[in-house]
Structures are given as C-alpha cells and as structure tokens.
Amino acid sequence: MEESEKFKNKLPHQEIDYFKIAKIFLSRWYWIAGSVIICMIISNVYLWYTPKTYQTGSSLKLEDKKSAVQDISTTIAPVADRGPSKVQTETIVLQSSGLLLNAIKQLDYRISFSIVGRLLNRTSDLYPQKPLDIQFITFDSLNFYRRLMIYKPINKQSYNLTYFVGTKQANKICRYDAPITVDQTSFSIKYPGELPKTASYIFKFNGPDDYLDRVKKGLHISEVTKNSNILSLQEVDASPQFAADVLNAIMKEYLSYDKAQRRQSASQTIDFIDSQLDFLSKEVKQSGNSIEEYKRNTKVLDVSSATDIALSKAKDLDAQTNLLKIQ
C-alpha cells in the first residue's frame, strides 16, 4: 500500500524539445510543400468551376419630412411613435413586388441571350448584348412561348432552330426574315452576318415577372449606421451590367414613387384644410344667426345701434332748432 502511494506521488517530468520538433518537420519538407501545392490546385479548380458573381451598390438618404396634417395632429395630441421606423417602412417599399416590376420594365427585358461554354456546358448571360436581331410579328404579353430556344447558323440563307413542343424536341431549318410560329408567338430573325458554324446562341422571351425572383434574390438592403436614415442598396448577379442597370432602375422607380406619395400627401393636406375652412365658415354663420335670433327673442339692446339712433335724433332736433331760429 505504501509503495503504491509513493508511485502515485512520483510524476514523470518531461520537457518539450521544440528544436527537435522543428528538425523533424524540416526533414519532411517535401510533405509540407506537396500539401501546399495540392491545396493551391484545389482552390484554383474551385475558383475556376464556381460561376463568377458581381456586386454593385448605392446609397439612399431618407428625408424625414412631416406633412401639415401630421404637424396639426401632433400639436393637438402628441403621441409617442410606436409604429415601424422610417428605414423599415422604406425597406419594405423597396423590396415590394410592385416597385421591382416597374423597375424591371425600364430595362430591355423582352429577349434574353446566353451562350454555351466549351467546358462543362455552362451557359453565360450575354446581357446587354443582342447577337440576333429578332422581330416580333404577333406577340401576346400574357400568353407567349417562354421556354428556351437554340439558334445555330447554317449559311447566309438559313439557320437551325431547336425548341420544345410539350415534351418533344423540335429541330427546324428556317430562312432569315421568314416568319416563324412557335406556340402562339410569331417572329423572324434577320441575318446576323458571318458567324462561325460552331456558334450556338440560346434565347428566351421574357415578361417582367420572369426577372422578379432573380432581382429579389440579389437585392440586399441595410442601414449604413443605426439611426442614420441612410440605406445601403446592393445587387448581386452573374452579369455586372444587369446588376448595375437594375439597381439604377430601382432607385429611379423609388424616387418616382416618393414624388407621387408627396403629391398625394400635399393634395390630401389641401383637401383637409379646405374641408376645415368650409366647416368653420358654416359654424361661424350659424353662430351669428343664433346670436341675432337670441337678441330678437330676448329684446336685448344693442348699444352701438342705440347710440347711432340717438345721435341721428339729436342731429334732427338740432336741425329743427336752427330752422326755427331762422324763421
């Protein structure tokens, strides 16, 4: 028992030899170099494979101006502001579907083009480029062909058009400037000039709602600093030009919306003031009539009118006295 207690009290005393550890690592330098090279290759492959995304941003300063109606109501009954803040309200407005759809309508959204890459068959958006001049013959904005179509040139007179009819793929050789009808949409394609025979363009007909999810997904709104009333707007997209154009369109549409709201607020203020003036005018007239009626019923003497009557009588008497003196 005593020997076991002595054994427990004696702990081994060891020191870490850093020089020895460093010497071991240096002797295996090729493992370290190989690991670094493999990590660099993996990171480069990942960056090459991952699609590029671009971000554009802008700032928006909010003006906190109160209308005359709000000032009057605040003066009459000051109440603590328990509603949502100005920043939260305007953020909801900026992210609303109505405002975003109006902003998308400012873009050239009707036809979108993309190209298939040589590696991994990855498609790249060509916005705002339009390699093909497509003219609509009949187009219903509510009911049109929305699926992808593939264009491949053949010669100066014709080209190959691939599209889907239901679940079946259709390949059609068409002539330039000749009308083509797909579903309920008719259009024609003009000769684009000399193109490589391996060229292949994907195009699609769009409505504003086709871009709505894309714009909403890339739109990020936040306040620069707390209580600063400055919003930071950022749009992220695979096409840098599209991100810049749609963000500018959102800003323009918001300014138009803000002007419309201010005009509406001003017209409501004017209508409120006019209604109050009409009401007060009627009340004053009614009060005056009530006072006159009260005086007549109670036979209250009006001092000013009695004074005028007495003065006129005195003048008449004075005139009669002078006339008698002359006689």
# chains A, B, ... in the order shown; residues from 1 in each chain; ligands from 1
call {"tool": "residues_around", "arguments": {"residues": "A:Asn227", "least_positions_apart": "4", "cutoff": "10 Å", "atoms": "only C-alpha atoms", "output": "PyMOL selection string"}}
result
chain A and resi 85-87+223
call {"tool": "atom_distance", "arguments": {"atom1": "atom CA of A:Asn206", "atom2": "atom CA of A:Ile134"}}
result
13.3 Å
call {"tool": "atom_distance", "arguments": {"atom1": "atom CA of A:Phe203", "atom2": "atom CA of A:Phe113"}}
result
4.4 Å
call {"tool": "select_by_dssp", "arguments": {"residues": "stretch 85-198 of chain A", "states": "helix (DSSP H, G or I)", "output": "MDAnalysis selection string"}}
result
chainID A and resid 86:94 97:104
call {"tool": "residues_around", "arguments": {"residues": "A:Lys216", "least_positions_apart": "4", "cutoff": "9 Å", "atoms": "only C-alpha atoms", "output": "JSON, numbers by chain"}}
result
{"A": [95, 97, 100, 211, 212, 220, 235]}
call {"tool": "select_by_dssp", "arguments": {"residues": "stretch 185-291 of chain A", "states": "strand (DSSP E)", "output": "PyMOL selection string"}}
result
chain A and resi 185-189+201-205+219-223+230-237
